[in-house]
Structure formats: C-alpha cells, structure tokens
file structure19.cif (mmCIF, C-alpha atoms)
data_target
loop_
_atom_site.label_atom_id
_atom_site.label_comp_id
_atom_site.auth_asym_id
_atom_site.auth_seq_id
_atom_site.Cartn_x
_atom_site.Cartn_y
_atom_site.Cartn_z
CA MET A 7 3.73 -29.92 -73.86
CA ASP A 8 2.52 -26.36 -73.61
CA ILE A 9 -0.19 -25.45 -76.10
CA TYR A 10 1.80 -22.48 -77.46
CA GLU A 11 4.88 -24.60 -78.07
CA ALA A 12 2.72 -26.99 -80.10
CA LEU A 13 0.99 -24.17 -82.04
CA TYR A 14 4.27 -22.42 -82.88
CA THR A 15 6.51 -25.39 -83.68
CA THR A 16 4.20 -27.74 -85.60
CA ARG A 17 5.66 -26.97 -88.99
CA ALA A 18 5.62 -29.15 -92.11
CA MET A 19 8.03 -31.97 -91.23
CA ARG A 20 8.68 -34.00 -94.36
CA ARG A 21 12.09 -35.45 -93.48
CA VAL A 22 11.29 -38.31 -91.13
CA LYS A 23 12.81 -41.64 -90.14
CA PRO A 24 11.28 -44.96 -91.24
CA ASP A 25 10.83 -46.01 -87.56
CA PRO A 26 7.24 -47.07 -86.89
CA VAL A 27 4.83 -44.88 -84.89
CA PRO A 28 3.56 -47.17 -82.07
CA ALA A 29 -0.14 -48.05 -81.94
CA ASP A 30 -0.70 -46.25 -78.61
CA VAL A 31 0.74 -43.05 -80.08
CA GLN A 32 -1.50 -43.39 -83.15
CA HIS A 33 -4.45 -43.92 -80.80
CA LYS A 34 -3.65 -40.69 -78.91
CA ILE A 35 -3.37 -38.77 -82.17
CA VAL A 36 -6.75 -39.81 -83.59
CA ASP A 37 -8.56 -39.70 -80.25
CA ALA A 38 -7.46 -36.07 -79.90
CA ALA A 39 -8.56 -35.34 -83.47
CA ILE A 40 -12.19 -36.33 -82.89
CA ARG A 41 -12.60 -33.70 -80.12
CA ALA A 42 -12.53 -30.99 -82.81
CA PRO A 43 -15.77 -29.24 -83.78
CA THR A 44 -17.96 -30.03 -86.80
CA GLY A 45 -20.87 -28.02 -88.19
CA GLY A 46 -23.98 -29.01 -86.26
CA ASN A 47 -21.80 -31.55 -84.39
CA THR A 48 -22.50 -34.02 -87.19
CA GLN A 49 -19.03 -35.66 -86.84
CA GLY A 50 -19.27 -36.64 -90.50
CA TRP A 51 -15.70 -37.87 -90.67
CA ARG A 52 -13.60 -40.98 -91.11
CA PHE A 53 -9.89 -41.46 -90.47
CA LEU A 54 -7.77 -44.05 -92.19
CA LEU A 55 -4.34 -44.93 -90.83
CA VAL A 56 -2.08 -46.59 -93.37
CA ASP A 57 1.06 -48.29 -92.07
CA ASP A 58 1.23 -51.22 -94.50
CA PRO A 59 4.37 -50.60 -96.61
CA ALA A 60 2.71 -52.32 -99.57
CA VAL A 61 -0.13 -49.77 -99.59
CA ILE A 62 2.20 -46.82 -99.01
CA GLY A 63 4.36 -48.14 -101.85
CA GLN A 64 1.34 -48.07 -104.17
CA ILE A 65 0.54 -44.46 -103.24
CA ALA A 66 4.14 -43.23 -103.66
CA PRO A 67 4.15 -43.11 -107.51
CA ILE A 68 0.73 -41.40 -107.52
CA TYR A 69 2.08 -38.74 -105.14
CA ARG A 70 5.04 -38.25 -107.49
CA GLU A 71 2.72 -37.72 -110.48
CA CYS A 72 0.66 -35.19 -108.51
CA ILE A 73 3.71 -33.18 -107.45
CA ASP A 74 5.11 -33.26 -110.99
CA PHE A 75 1.79 -31.83 -112.14
CA LEU A 76 1.95 -29.21 -109.38
CA TRP A 77 5.39 -27.98 -110.44
CA GLU A 78 4.53 -27.94 -114.12
CA HIS A 79 1.00 -26.54 -114.12
CA ILE A 80 0.20 -24.82 -110.81
CA TYR A 81 3.48 -23.52 -109.36
CA ASN A 82 5.20 -22.96 -112.72
CA GLU A 83 4.93 -19.15 -112.51
CA ARG A 84 6.14 -19.04 -108.90
CA ILE A 85 9.07 -21.29 -109.80
CA ALA A 86 9.97 -19.17 -112.82
CA ALA A 87 9.77 -16.01 -110.67
CA ALA A 88 12.00 -17.62 -108.02
CA GLU A 89 14.56 -18.64 -110.63
CA ALA A 90 14.56 -15.14 -112.14
CA ASP A 91 15.19 -13.45 -108.78
CA PRO A 92 16.85 -16.08 -106.56
CA GLU A 93 17.99 -13.62 -103.87
CA SER A 94 14.53 -12.35 -102.87
CA GLU A 95 13.00 -13.58 -99.63
CA ALA A 96 9.97 -15.01 -101.45
CA SER A 97 12.22 -16.92 -103.86
CA LYS A 98 14.29 -18.38 -101.04
CA GLN A 99 11.16 -19.55 -99.22
CA MET A 100 9.79 -21.01 -102.44
CA MET A 101 12.98 -22.97 -103.06
CA VAL A 102 13.12 -24.27 -99.48
CA MET A 103 9.50 -25.45 -99.81
CA GLN A 104 10.12 -27.03 -103.21
CA LYS A 105 13.19 -28.90 -101.94
CA SER A 106 11.27 -30.15 -98.92
CA VAL A 107 8.34 -31.38 -101.04
CA GLN A 108 10.72 -33.01 -103.52
CA TYR A 109 12.30 -34.86 -100.59
CA ALA A 110 8.83 -36.19 -99.72
CA VAL A 111 8.38 -37.34 -103.33
CA ASP A 112 11.70 -39.18 -103.36
CA HIS A 113 11.14 -40.84 -99.96
CA PHE A 114 7.36 -41.29 -99.89
CA ALA A 115 7.54 -45.08 -99.74
CA GLU A 116 9.64 -44.79 -96.55
CA TYR A 117 6.98 -42.95 -94.51
CA PRO A 118 5.98 -45.27 -91.66
CA LEU A 119 2.46 -43.85 -91.39
CA LEU A 120 -0.10 -41.95 -93.45
CA LEU A 121 -3.23 -40.47 -91.94
CA PHE A 122 -6.07 -39.89 -94.40
CA ALA A 123 -9.12 -37.81 -93.45
CA PHE A 124 -12.48 -37.98 -95.18
CA ASP A 125 -15.62 -35.89 -94.93
CA GLN A 126 -19.05 -36.07 -96.41
CA ALA A 127 -20.84 -33.32 -98.30
CA ASP A 128 -18.77 -30.64 -96.57
CA THR A 129 -17.92 -27.99 -99.07
CA THR A 130 -16.05 -25.56 -96.81
CA GLY A 131 -13.57 -27.90 -95.11
CA GLY A 132 -14.53 -26.33 -91.78
CA SER A 133 -15.71 -29.65 -90.37
CA ILE A 134 -12.62 -31.71 -91.17
CA PHE A 135 -9.49 -29.52 -91.09
CA PRO A 136 -9.78 -28.60 -87.39
CA ALA A 137 -9.67 -32.35 -86.65
CA VAL A 138 -6.75 -32.89 -89.03
CA TRP A 139 -4.84 -30.04 -87.44
CA SER A 140 -5.61 -31.42 -83.96
CA ALA A 141 -4.11 -34.73 -85.09
CA MET A 142 -0.96 -32.93 -86.24
CA LEU A 143 -0.71 -30.98 -82.95
CA ALA A 144 -1.19 -34.15 -80.88
CA ALA A 145 1.46 -35.82 -83.05
CA ARG A 146 3.79 -32.90 -82.30
CA ALA A 147 3.22 -33.42 -78.57
CA GLU A 148 4.25 -37.05 -79.05
CA GLY A 149 7.38 -36.07 -80.97
CA VAL A 150 5.91 -37.15 -84.29
CA GLY A 151 6.36 -34.90 -87.32
CA SER A 152 3.74 -34.48 -90.03
CA SER A 153 2.78 -32.50 -93.10
CA LEU A 154 -0.59 -31.87 -94.69
CA THR A 155 -1.26 -32.36 -98.37
CA SER A 156 -4.38 -32.32 -100.52
CA VAL A 157 -2.33 -32.81 -103.68
CA LEU A 158 -3.46 -36.43 -104.21
CA MET A 159 -6.83 -34.99 -105.28
CA ILE A 160 -5.16 -34.10 -108.59
CA LYS A 161 -5.46 -37.77 -109.54
CA GLY A 162 -9.16 -37.83 -108.67
CA GLU A 163 -10.43 -41.15 -107.38
CA GLU A 164 -7.16 -43.03 -107.88
CA VAL A 165 -6.10 -43.06 -104.21
CA PRO A 166 -9.65 -43.30 -102.77
CA ASP A 167 -10.30 -46.32 -105.04
CA LEU A 168 -7.07 -47.95 -103.92
CA LEU A 169 -8.12 -47.45 -100.27
CA GLY A 170 -11.64 -48.77 -100.89
CA VAL A 171 -13.40 -45.47 -100.14
CA PRO A 172 -17.14 -45.72 -100.98
CA ALA A 173 -17.46 -42.60 -103.12
CA ASP A 174 -21.08 -43.57 -103.86
CA GLU A 175 -21.86 -42.93 -100.17
CA GLY A 176 -20.52 -39.41 -100.60
CA TRP A 177 -17.18 -39.85 -98.82
CA ARG A 178 -14.56 -37.41 -100.04
CA MET A 179 -10.83 -37.55 -99.34
CA ALA A 180 -9.93 -34.24 -97.65
CA CYS A 181 -6.20 -34.78 -97.27
CA CYS A 182 -3.27 -37.06 -96.56
CA VAL A 183 -0.92 -36.47 -93.62
CA PRO A 184 2.38 -38.40 -93.82
CA MET A 185 3.84 -38.87 -90.31
CA GLY A 186 7.03 -40.06 -88.68
CA TYR A 187 9.78 -39.22 -86.22
CA PRO A 188 11.74 -36.21 -87.51
CA LYS A 189 15.29 -36.36 -88.81
CA GLY A 190 15.74 -32.64 -88.12
CA LYS A 191 14.81 -30.15 -85.45
CA TRP A 192 11.54 -28.48 -84.52
CA GLY A 193 11.36 -24.73 -84.98
CA VAL A 194 9.11 -21.75 -85.51
CA ALA A 195 8.31 -21.28 -89.21
CA GLN A 196 8.69 -17.86 -90.80
CA ARG A 197 5.48 -15.97 -91.53
CA ALA A 198 4.41 -12.56 -92.76
CA PRO A 199 3.92 -10.59 -89.49
CA VAL A 200 0.46 -10.71 -87.96
CA HIS A 201 -0.33 -6.98 -88.38
CA THR A 202 0.26 -7.26 -92.13
CA VAL A 203 -2.53 -9.82 -92.51
CA SER A 204 -5.02 -8.56 -89.90
CA PHE A 205 -7.57 -5.77 -89.73
CA ARG A 206 -9.93 -4.32 -87.15
CA ASN A 207 -13.65 -3.66 -87.63
CA HIS A 208 -13.30 -3.04 -91.37
CA TRP A 209 -11.14 -4.44 -94.17
CA GLY A 210 -7.97 -2.37 -94.54
CA GLN A 211 -8.20 -0.75 -91.11
CA SER A 212 -5.22 -1.17 -88.74
CA VAL A 213 -5.59 -4.04 -86.29
CA ALA A 214 -3.99 -1.81 -83.61
CA PHE A 215 -1.24 -4.20 -82.55
CA GLU A 216 2.07 -4.94 -84.16
CA SER A 217 4.90 -7.49 -83.87
CA ASP A 218 7.58 -8.34 -86.40
CA GLN A 219 8.73 -11.34 -84.37
CA PRO A 220 6.62 -14.29 -83.16
CA LEU A 221 5.13 -13.66 -79.69
CA TRP A 222 6.32 -17.11 -78.59
CA PRO A 223 8.65 -18.15 -76.99
CA MET B 21 -1.88 -24.99 -70.61
CA ASP B 22 -1.12 -28.52 -71.70
CA ILE B 23 -1.78 -29.20 -75.38
CA TYR B 24 -4.09 -32.13 -74.63
CA GLU B 25 -6.21 -30.09 -72.23
CA ALA B 26 -6.67 -27.52 -75.00
CA LEU B 27 -7.44 -30.13 -77.67
CA TYR B 28 -9.99 -31.94 -75.49
CA THR B 29 -11.77 -29.01 -73.87
CA THR B 30 -12.06 -26.47 -76.68
CA ARG B 31 -15.71 -27.10 -77.35
CA ALA B 32 -18.24 -24.70 -78.92
CA MET B 33 -18.71 -22.04 -76.24
CA ARG B 34 -21.64 -19.84 -77.25
CA ARG B 35 -22.70 -18.55 -73.81
CA VAL B 36 -20.18 -15.83 -73.03
CA LYS B 37 -20.07 -12.61 -71.01
CA PRO B 38 -20.04 -9.21 -72.67
CA ASP B 39 -16.67 -8.37 -71.02
CA PRO B 40 -14.11 -7.22 -73.58
CA VAL B 41 -11.21 -9.44 -74.67
CA PRO B 42 -8.09 -7.29 -74.08
CA ALA B 43 -5.93 -6.29 -77.05
CA ASP B 44 -2.90 -8.28 -75.85
CA VAL B 45 -5.02 -11.43 -75.63
CA GLN B 46 -6.38 -10.81 -79.15
CA HIS B 47 -2.79 -10.33 -80.33
CA LYS B 48 -1.73 -13.70 -78.85
CA ILE B 49 -4.70 -15.42 -80.49
CA VAL B 50 -4.02 -14.16 -84.03
CA ASP B 51 -0.24 -14.43 -83.74
CA ALA B 52 -0.66 -18.11 -82.86
CA ALA B 53 -3.10 -18.58 -85.76
CA ILE B 54 -0.60 -17.49 -88.44
CA ARG B 55 1.85 -20.28 -87.46
CA ALA B 56 -0.53 -22.80 -89.00
CA PRO B 57 0.36 -24.37 -92.37
CA THR B 58 -0.97 -23.33 -95.79
CA GLY B 59 -0.64 -25.15 -99.11
CA GLY B 60 2.71 -24.17 -100.63
CA ASN B 61 3.19 -21.84 -97.61
CA THR B 62 1.30 -19.15 -99.55
CA GLN B 63 -0.23 -17.68 -96.36
CA GLY B 64 -3.15 -16.45 -98.47
CA TRP B 65 -5.18 -15.35 -95.48
CA ARG B 66 -6.58 -12.29 -93.75
CA PHE B 67 -8.04 -11.99 -90.25
CA LEU B 68 -10.55 -9.37 -89.24
CA LEU B 69 -11.23 -8.70 -85.56
CA VAL B 70 -14.53 -6.96 -84.94
CA ASP B 71 -15.09 -5.44 -81.51
CA ASP B 72 -17.12 -2.38 -82.48
CA PRO B 73 -20.61 -2.98 -81.02
CA ALA B 74 -22.15 -1.03 -83.89
CA VAL B 75 -20.70 -3.45 -86.46
CA ILE B 76 -21.58 -6.52 -84.38
CA GLY B 77 -25.09 -5.11 -84.02
CA GLN B 78 -25.41 -4.91 -87.82
CA ILE B 79 -24.32 -8.54 -88.21
CA ALA B 80 -26.68 -9.88 -85.49
CA PRO B 81 -29.90 -9.76 -87.56
CA ILE B 82 -28.12 -11.35 -90.55
CA TYR B 83 -26.95 -14.18 -88.30
CA ARG B 84 -30.54 -14.64 -87.13
CA GLU B 85 -31.83 -14.88 -90.71
CA CYS B 86 -29.14 -17.46 -91.55
CA ILE B 87 -29.97 -19.64 -88.54
CA ASP B 88 -33.69 -19.39 -89.27
CA PHE B 89 -32.91 -20.64 -92.77
CA LEU B 90 -30.76 -23.43 -91.32
CA TRP B 91 -33.55 -24.72 -89.07
CA GLU B 92 -36.17 -24.48 -91.79
CA HIS B 93 -34.31 -25.76 -94.84
CA ILE B 94 -31.17 -27.65 -93.83
CA TYR B 95 -31.75 -29.15 -90.38
CA ASN B 96 -35.52 -29.57 -90.78
CA GLU B 97 -35.32 -33.36 -91.14
CA ARG B 98 -32.94 -33.74 -88.20
CA ILE B 99 -35.22 -31.55 -86.08
CA ALA B 100 -38.32 -33.52 -87.07
CA ALA B 101 -36.52 -36.78 -86.28
CA ALA B 102 -35.45 -35.43 -82.88
CA GLU B 103 -39.00 -34.34 -82.07
CA ALA B 104 -40.38 -37.73 -83.11
CA ASP B 105 -37.95 -39.65 -80.88
CA PRO B 106 -36.89 -37.22 -78.12
CA GLU B 107 -35.34 -39.88 -75.89
CA SER B 108 -32.67 -41.10 -78.31
CA GLU B 109 -29.06 -40.02 -77.78
CA ALA B 110 -28.90 -38.36 -81.21
CA SER B 111 -32.09 -36.39 -80.51
CA LYS B 112 -30.79 -35.17 -77.17
CA GLN B 113 -27.52 -34.03 -78.73
CA MET B 114 -29.44 -32.31 -81.52
CA MET B 115 -31.64 -30.44 -79.05
CA VAL B 116 -28.66 -29.36 -76.93
CA MET B 117 -26.94 -28.05 -80.05
CA GLN B 118 -30.08 -26.27 -81.26
CA LYS B 119 -30.61 -24.60 -77.89
CA SER B 120 -27.00 -23.46 -77.78
CA VAL B 121 -27.15 -22.01 -81.29
CA GLN B 122 -30.47 -20.31 -80.54
CA TYR B 123 -28.80 -18.70 -77.52
CA ALA B 124 -26.15 -17.31 -79.87
CA VAL B 125 -28.90 -15.92 -82.12
CA ASP B 126 -30.65 -14.18 -79.23
CA HIS B 127 -27.42 -12.73 -77.78
CA PHE B 128 -25.31 -12.17 -80.88
CA ALA B 129 -25.14 -8.39 -80.41
CA GLU B 130 -23.61 -8.96 -76.94
CA TYR B 131 -20.53 -10.84 -78.19
CA PRO B 132 -17.51 -8.67 -77.34
CA LEU B 133 -15.42 -9.98 -80.24
CA LEU B 134 -15.83 -11.64 -83.63
CA LEU B 135 -12.92 -13.11 -85.53
CA PHE B 136 -13.47 -13.43 -89.29
CA ALA B 137 -11.10 -15.45 -91.47
CA PHE B 138 -10.71 -15.07 -95.22
CA ASP B 139 -8.86 -17.05 -97.83
CA GLN B 140 -8.23 -16.66 -101.50
CA ALA B 141 -8.92 -19.24 -104.20
CA ASP B 142 -8.69 -22.08 -101.71
CA THR B 143 -11.36 -24.60 -102.52
CA THR B 144 -10.55 -27.22 -99.87
CA GLY B 145 -10.40 -25.08 -96.71
CA GLY B 146 -7.14 -26.83 -95.83
CA SER B 147 -5.21 -23.57 -95.85
CA ILE B 148 -7.47 -21.57 -93.55
CA PHE B 149 -9.19 -23.86 -91.02
CA PRO B 150 -5.96 -25.02 -89.33
CA ALA B 151 -5.26 -21.32 -88.60
CA VAL B 152 -8.83 -20.73 -87.39
CA TRP B 153 -8.63 -23.75 -85.11
CA SER B 154 -5.24 -22.56 -83.79
CA ALA B 155 -6.89 -19.23 -82.94
CA MET B 156 -9.62 -21.06 -81.02
CA LEU B 157 -7.07 -23.23 -79.17
CA ALA B 158 -4.96 -20.19 -78.24
CA ALA B 159 -8.16 -18.46 -77.08
CA ARG B 160 -8.89 -21.52 -74.91
CA ALA B 161 -5.43 -21.21 -73.36
CA GLU B 162 -6.27 -17.58 -72.51
CA GLY B 163 -9.61 -18.57 -70.98
CA VAL B 164 -11.57 -17.22 -73.94
CA GLY B 165 -14.44 -19.29 -75.33
CA SER B 166 -15.30 -19.44 -79.02
CA SER B 167 -17.43 -21.19 -81.60
CA LEU B 168 -16.96 -21.62 -85.34
CA THR B 169 -19.68 -20.87 -87.86
CA SER B 170 -19.78 -20.67 -91.64
CA VAL B 171 -23.52 -20.03 -91.60
CA LEU B 172 -23.24 -16.36 -92.61
CA MET B 173 -22.35 -17.61 -96.10
CA ILE B 174 -26.06 -18.35 -96.54
CA LYS B 175 -26.59 -14.62 -97.08
CA GLY B 176 -23.84 -14.51 -99.71
CA GLU B 177 -21.96 -11.21 -99.86
CA GLU B 178 -24.08 -9.41 -97.27
CA VAL B 179 -21.57 -9.65 -94.39
CA PRO B 180 -18.43 -9.38 -96.58
CA ASP B 181 -19.88 -6.21 -98.16
CA LEU B 182 -20.63 -4.77 -94.74
CA LEU B 183 -17.02 -5.44 -93.69
CA GLY B 184 -15.59 -3.98 -96.89
CA VAL B 185 -14.11 -7.23 -98.18
CA PRO B 186 -12.77 -6.82 -101.74
CA ALA B 187 -14.51 -9.78 -103.38
CA ASP B 188 -13.13 -8.62 -106.75
CA GLU B 189 -9.64 -9.48 -105.45
CA GLY B 190 -10.85 -13.01 -104.79
CA TRP B 191 -11.15 -12.82 -101.00
CA ARG B 192 -13.67 -15.25 -99.61
CA MET B 193 -15.12 -15.29 -96.09
CA ALA B 194 -14.29 -18.72 -94.64
CA CYS B 195 -15.98 -18.33 -91.27
CA CYS B 196 -16.89 -16.22 -88.27
CA VAL B 197 -15.73 -17.07 -84.74
CA PRO B 198 -17.61 -15.25 -81.95
CA MET B 199 -15.45 -15.06 -78.82
CA GLY B 200 -15.77 -14.08 -75.17
CA TYR B 201 -15.22 -15.18 -71.59
CA PRO B 202 -17.46 -18.18 -70.83
CA LYS B 203 -20.46 -18.07 -68.54
CA GLY B 204 -20.27 -21.83 -68.04
CA LYS B 205 -17.59 -24.45 -67.54
CA TRP B 206 -15.11 -26.06 -69.88
CA GLY B 207 -15.52 -29.76 -70.52
CA VAL B 208 -14.85 -32.61 -72.89
CA ALA B 209 -17.53 -32.83 -75.59
CA GLN B 210 -19.19 -36.14 -76.35
CA ARG B 211 -18.14 -37.86 -79.55
CA ALA B 212 -18.71 -41.16 -81.33
CA PRO B 213 -15.76 -43.30 -80.11
CA VAL B 214 -12.60 -43.16 -82.18
CA HIS B 215 -12.65 -46.82 -83.29
CA THR B 216 -16.12 -46.34 -84.81
CA VAL B 217 -14.83 -43.66 -87.21
CA SER B 218 -11.33 -45.00 -87.95
CA PHE B 219 -9.91 -47.70 -90.18
CA ARG B 220 -6.52 -49.25 -90.86
CA ASN B 221 -4.93 -49.75 -94.29
CA HIS B 222 -8.28 -50.13 -96.06
CA TRP B 223 -11.75 -48.63 -95.66
CA GLY B 224 -13.86 -50.77 -93.33
CA GLN B 225 -10.92 -52.61 -91.78
CA SER B 226 -10.51 -52.44 -87.97
CA VAL B 227 -8.15 -49.71 -86.77
CA ALA B 228 -6.86 -52.16 -84.13
CA PHE B 229 -7.36 -49.96 -81.10
CA GLU B 230 -10.49 -49.22 -79.13
CA SER B 231 -11.69 -46.79 -76.44
CA ASP B 232 -15.23 -45.87 -75.51
CA GLN B 233 -14.05 -43.05 -73.24
CA PRO B 234 -11.78 -40.12 -74.17
CA LEU B 235 -8.08 -40.90 -73.58
CA TRP B 236 -7.69 -37.56 -71.77
CA PRO B 237 -7.59 -36.68 -68.91
#
call {"tool": "encode", "arguments": {"input": "structure19.cif", "output": "structure tokens"}}
result
Amino acid sequence: MDIYEALYTTRAMRRVKPDPVPADVQHKIVDAAIRAPTGGNTQGWRFLLVDDPAVIGQIAPIYRECIDFLWEHIYNERIAAAEADPESEASKQMMVMQKSVQYAVDHFAEYPLLLFAFDQADTTGGSIFPAVWSAMLAARAEGVGSSLTSVLMIKGEEVPDLLGVPADEGWRMACCVPMGYPKGKWGVAQRAPVHTVSFRNHWGQSVAFESDQPLWP
Amino acid sequence: MDIYEALYTTRAMRRVKPDPVPADVQHKIVDAAIRAPTGGNTQGWRFLLVDDPAVIGQIAPIYRECIDFLWEHIYNERIAAAEADPESEASKQMMVMQKSVQYAVDHFAEYPLLLFAFDQADTTGGSIFPAVWSAMLAARAEGVGSSLTSVLMIKGEEVPDLLGVPADEGWRMACCVPMGYPKGKWGVAQRAPVHTVSFRNHWGQSVAFESDQPLWP
C-alpha cells in the first residue's frame, strides 16, 4: 500500500468483526511499530497484545465506566452544545464521534485484539505515540482497522493491575488500541483545512499555501 | 512509496543539506499530518513551519544550550557508562547517537526547515505525536529527512516566546522537527527485537512470535 493512502485513510475504525487477526499479521504490526523513533533511542517501550476473550471481557466493563465518565464530566459541555445546535457542522461531527465510541462501548468484548503500549518515565508521549501510530498504519496496510484510546487511564491502575503491569518499575500505560477487520469502508476523515491550523515563521502568520480539500488522492 | 518502506526507513536523519524544501513538498507534509487522529477528534493542534534563516539562527544557540544540559545532567550516567565500556553494543549505539546529535548542534543554523507542533491541554501526547510522525513519514516519501526533538522544552518558554506562541491561550510546544534533504543514505535502524519488548495477554508472558531481524524488506 502507498504511504499516502495509509496516512489519509487510517481513521478511527471502531466497528469491526469478531474474526481473529492472525499471528503473522500481529507480528508485522508490532515489528513495524518498533522502527519508530524514541528520545535518545532508549526504546523504553513494551507492547502487550491481548486476544484472550476472557481478558478482553474483563476490560469491557471498565471501558464502559471510563466512557460514561467522559460523557458526564469531560465532554458534557460539548454534548450540551451539540444538542442545542444540532445542525452545525461541529455538532454533527460530535454526534458521529459519540455514536462511534458508544458502539465501541457496547461491543468492546467482541474485539478480537487489543494492543496496549507502555512507556517509562516519558512525560511528553513523544517516545511512544509514533510507535503506536506506526502499528495502526501497518494494521491499515494489512486491512486491519484500529482506534486509539487513552480513556482507560481514568480508572487509574485498574487495567494495568489486571494485565500485571509492574507499576513499581515505572511502567505506564500510554494507550489501548482495539483492532479488527472493519465492518465498514475506509475513507478520508474530515479535518479543518491545513492552512487554518498552520503558520509560517511566526505564530499567526500565513503559511503561504492553501487547500480546502485533502491533497490525496 | 510503500508504507512498510516508509515505516522501516524513517530514521532520525540529522545530517542534511541546506537546500530548501519546496513549498509544495511542505504542503504535502503538513496536509498528511492533519489526517492523524486526536482524542475526541478535537484537532487541537497548530503547525509552524520555519524557513527564515534569521529565525532558525536565533533558535540554534538555544538548541545548543539544551543539548549541553542534556549531556551534562540527563545523559551523564549513560555517557559515563559508554566511556567505561566502549565495546558494548549499548555503548556503541550511545556514541553514534551522541555524535549525530552533536552534528545537529554544530549545524543547526543550516537546517532549511523546522516544523514545530503545538497542542493544547493534552497531557498524554496522544493527540499530537501521531500527526508529527505522519509528517515525518510523508517527508520520507518525498525524500526529505527529519528528526524529532522535544529538547527545546528544557529552556521553557524561550523558543515559544520567540515564535510568538500565545501561552496564555494554553498552547504548548510539543516538539521541533528539523528537516532537509539527506547527505547520507536511508536505512533500517537497529532495534531490540520485537519479541523482547512484547507480551501476550499478560505482562511477562511470551508474545508467541519471534524474529531477530526486521521483517522488512
């Protein structure tokens, strides 16, 4: 697969089939991930693949609690704003996202594979999220959909304890990436155009290029 | 370019030519970056391309101070260990990395392009580093080398102030990515093998696949 196709069409894919992701595909995904950079090339990372339905079934209710908390305490204003003005573009996007996440909540136990990433004493995330994103791009190349969530952190050590993570050695759960073969189609996600979020040489100064539509395909 | 070639060969490329990176190539790089995911699809990011030699020249001495601090106060033990046992694999890798970074220090003012990324109230980095890594992968596809550093944070608001970043609006500098056309060759970076950093279903449990060499090419 062309690199640009992967970069433009790897969108959050939460609606997936329960079909297993074969071991050789998992191997390709994680082997690609570890080529990503880390500060000082320390490679202070661990990856945990969970495909045991019993373990995924234990995480499912924790994920539900975290998302419930998210709706009630973190996204409550955005949800209220969306409900007050349902025709605005922002509201529509919010409701699409909320519906997609709620689908993940209701079907979490059916995910065939979860990829957890851990880092150590990395406060910026710059030494783990490139690897996680590489894993998601490699998954895309293999036809496997994924989505990235850090929401399980809301419940603190509950999931790390369940997975046996040695917190006393400084290992921190960076995120969870549910994976599986998509039910729907791949596509380019909508974004605020690049010139509205980019500057040149000084904050606020025009970046000197413009495009309302994605440059690919 | 094939996605796997990009994922495996986008290594830190600090030795680059002073030749400018054309505007249409810069456009492709940032337009690819904004397809990456963000928590709740908030897209709370800004990208700042710096190609004015005067601005890059002002940042160069700050970068030098930060790296000096890094060697003296953060990597001092690793450097001492490498000097004490120069034949070990870890020591060799450390010295290669140090030499490469020192090259960047001594030639910082010659970089033709810096890409800065900013996020807002994102404590995990999970909503900015996928985009940064996408930018670096798209750059790779265009033949442009890059390296990721968060080291300028050591000098706090010095660089953000110079760039006019409105810290009072909550914008935080996530990283700086110097870019340019490579002097050297692309290649697959060495990593600890995937089965030594991966587990299955529970921390410490074998991931059930193994490969000492990269799966690509």
call {"tool": "closest_atom_pairs", "arguments": {"input": "structure19.cif", "of": "segment 167-225 of chain B", "to": "segment 142-158 of chain B", "cutoff": "12 Å", "atoms": "all atoms listed in the file", "output": "JSON lines"}}
result
{"residue": "B:Ser167", "atom": "CA", "partner": "B:Met156", "partner_atom": "CA", "distance": 7.8}
{"residue": "B:Leu168", "atom": "CA", "partner": "B:Val152", "partner_atom": "CA", "distance": 8.4}
{"residue": "B:Thr169", "atom": "CA", "partner": "B:Val152", "partner_atom": "CA", "distance": 10.9}
{"residue": "B:Ser170", "atom": "CA", "partner": "B:Phe149", "partner_atom": "CA", "distance": 11.1}
{"residue": "B:Gly190", "atom": "CA", "partner": "B:Asp142", "partner_atom": "CA", "distance": 9.8}
{"residue": "B:Trp191", "atom": "CA", "partner": "B:Asp142", "partner_atom": "CA", "distance": 9.6}
{"residue": "B:Arg192", "atom": "CA", "partner": "B:Asp142", "partner_atom": "CA", "distance": 8.7}
{"residue": "B:Met193", "atom": "CA", "partner": "B:Ile148", "partner_atom": "CA", "distance": 10.2}
{"residue": "B:Ala194", "atom": "CA", "partner": "B:Ile148", "partner_atom": "CA", "distance": 7.5}
{"residue": "B:Cys195", "atom": "CA", "partner": "B:Val152", "partner_atom": "CA", "distance": 8.5}
{"residue": "B:Cys196", "atom": "CA", "partner": "B:Val152", "partner_atom": "CA", "distance": 9.3}
{"residue": "B:Val197", "atom": "CA", "partner": "B:Met156", "partner_atom": "CA", "distance": 8.2}
{"residue": "B:Pro198", "atom": "CA", "partner": "B:Met156", "partner_atom": "CA", "distance": 9.9}
{"residue": "B:Met199", "atom": "CA", "partner": "B:Met156", "partner_atom": "CA", "distance": 8.7}
{"residue": "B:Gly200", "atom": "CA", "partner": "B:Met156", "partner_atom": "CA", "distance": 11.0}
call {"tool": "interface_residues", "arguments": {"input": "structure19.cif", "of": "chain B", "to": "chain A", "cutoff": "7 Å", "atoms": "only C-alpha atoms", "output": "PyMOL selection string"}}
result
chain B and resi 21-23+26-28+31+47-48+50-52+54-55+57+60+65-72+117+144-146+149-150+153-154+183-185+209+211+214+217-223+229+234-235
call {"tool": "resolve_selection", "arguments": {"input": "structure19.cif", "expression": "the PyMOL selection byres ((chain B and resi 39) around 8)", "output": "list of chain:residue names"}}
result
B:Lys37, B:Pro38, B:Pro40, B:Val41, B:Pro132, B:Gly200, B:Tyr201
call {"tool": "residues_near_point", "arguments": {"input": "structure19.cif", "point": "(-26.5, -12.7, -80.7)", "cutoff": "12 Å", "atoms": "only C-alpha atoms", "output": "MDAnalysis selection string"}}
result
chainID B and resid 34:38 73 76:85 87 120:134 198:199
call {"tool": "atom_distance", "arguments": {"input": "structure19.cif", "atom1": "atom CA of Phe75 of chain A", "atom2": "atom CA of Asp125 of chain A"}}
result
24.8 Å
call {"tool": "axis_aligned_box", "arguments": {"input": "structure19.cif", "around": "segment 24-41 of chain B", "padding_each_side": "6 Å", "output": "JSON"}}
result
{"center_x": -13.4, "center_y": -19.7, "center_z": -75.0, "size_x": 30.6, "size_y": 36.9, "size_z": 19.9}
call {"tool": "atom_distance", "arguments": {"input": "structure19.cif", "atom1": "atom CA of Ser166 of chain B", "atom2": "atom CA of Lys112 of chain B"}}
result
22.2 Å
call {"tool": "atom_distance", "arguments": {"input": "structure19.cif", "atom1": "atom CA of Ile160 of chain A", "atom2": "atom CA of Ile80 of chain A"}}
result
10.9 Å
call {"tool": "closest_residue", "arguments": {"input": "structure19.cif", "among": "A:Gly162, A:Pro223, A:Gly149, A:Pro28", "to": "Lys191 of chain A", "atoms": "only C-alpha atoms"}}
result
A:Gly149
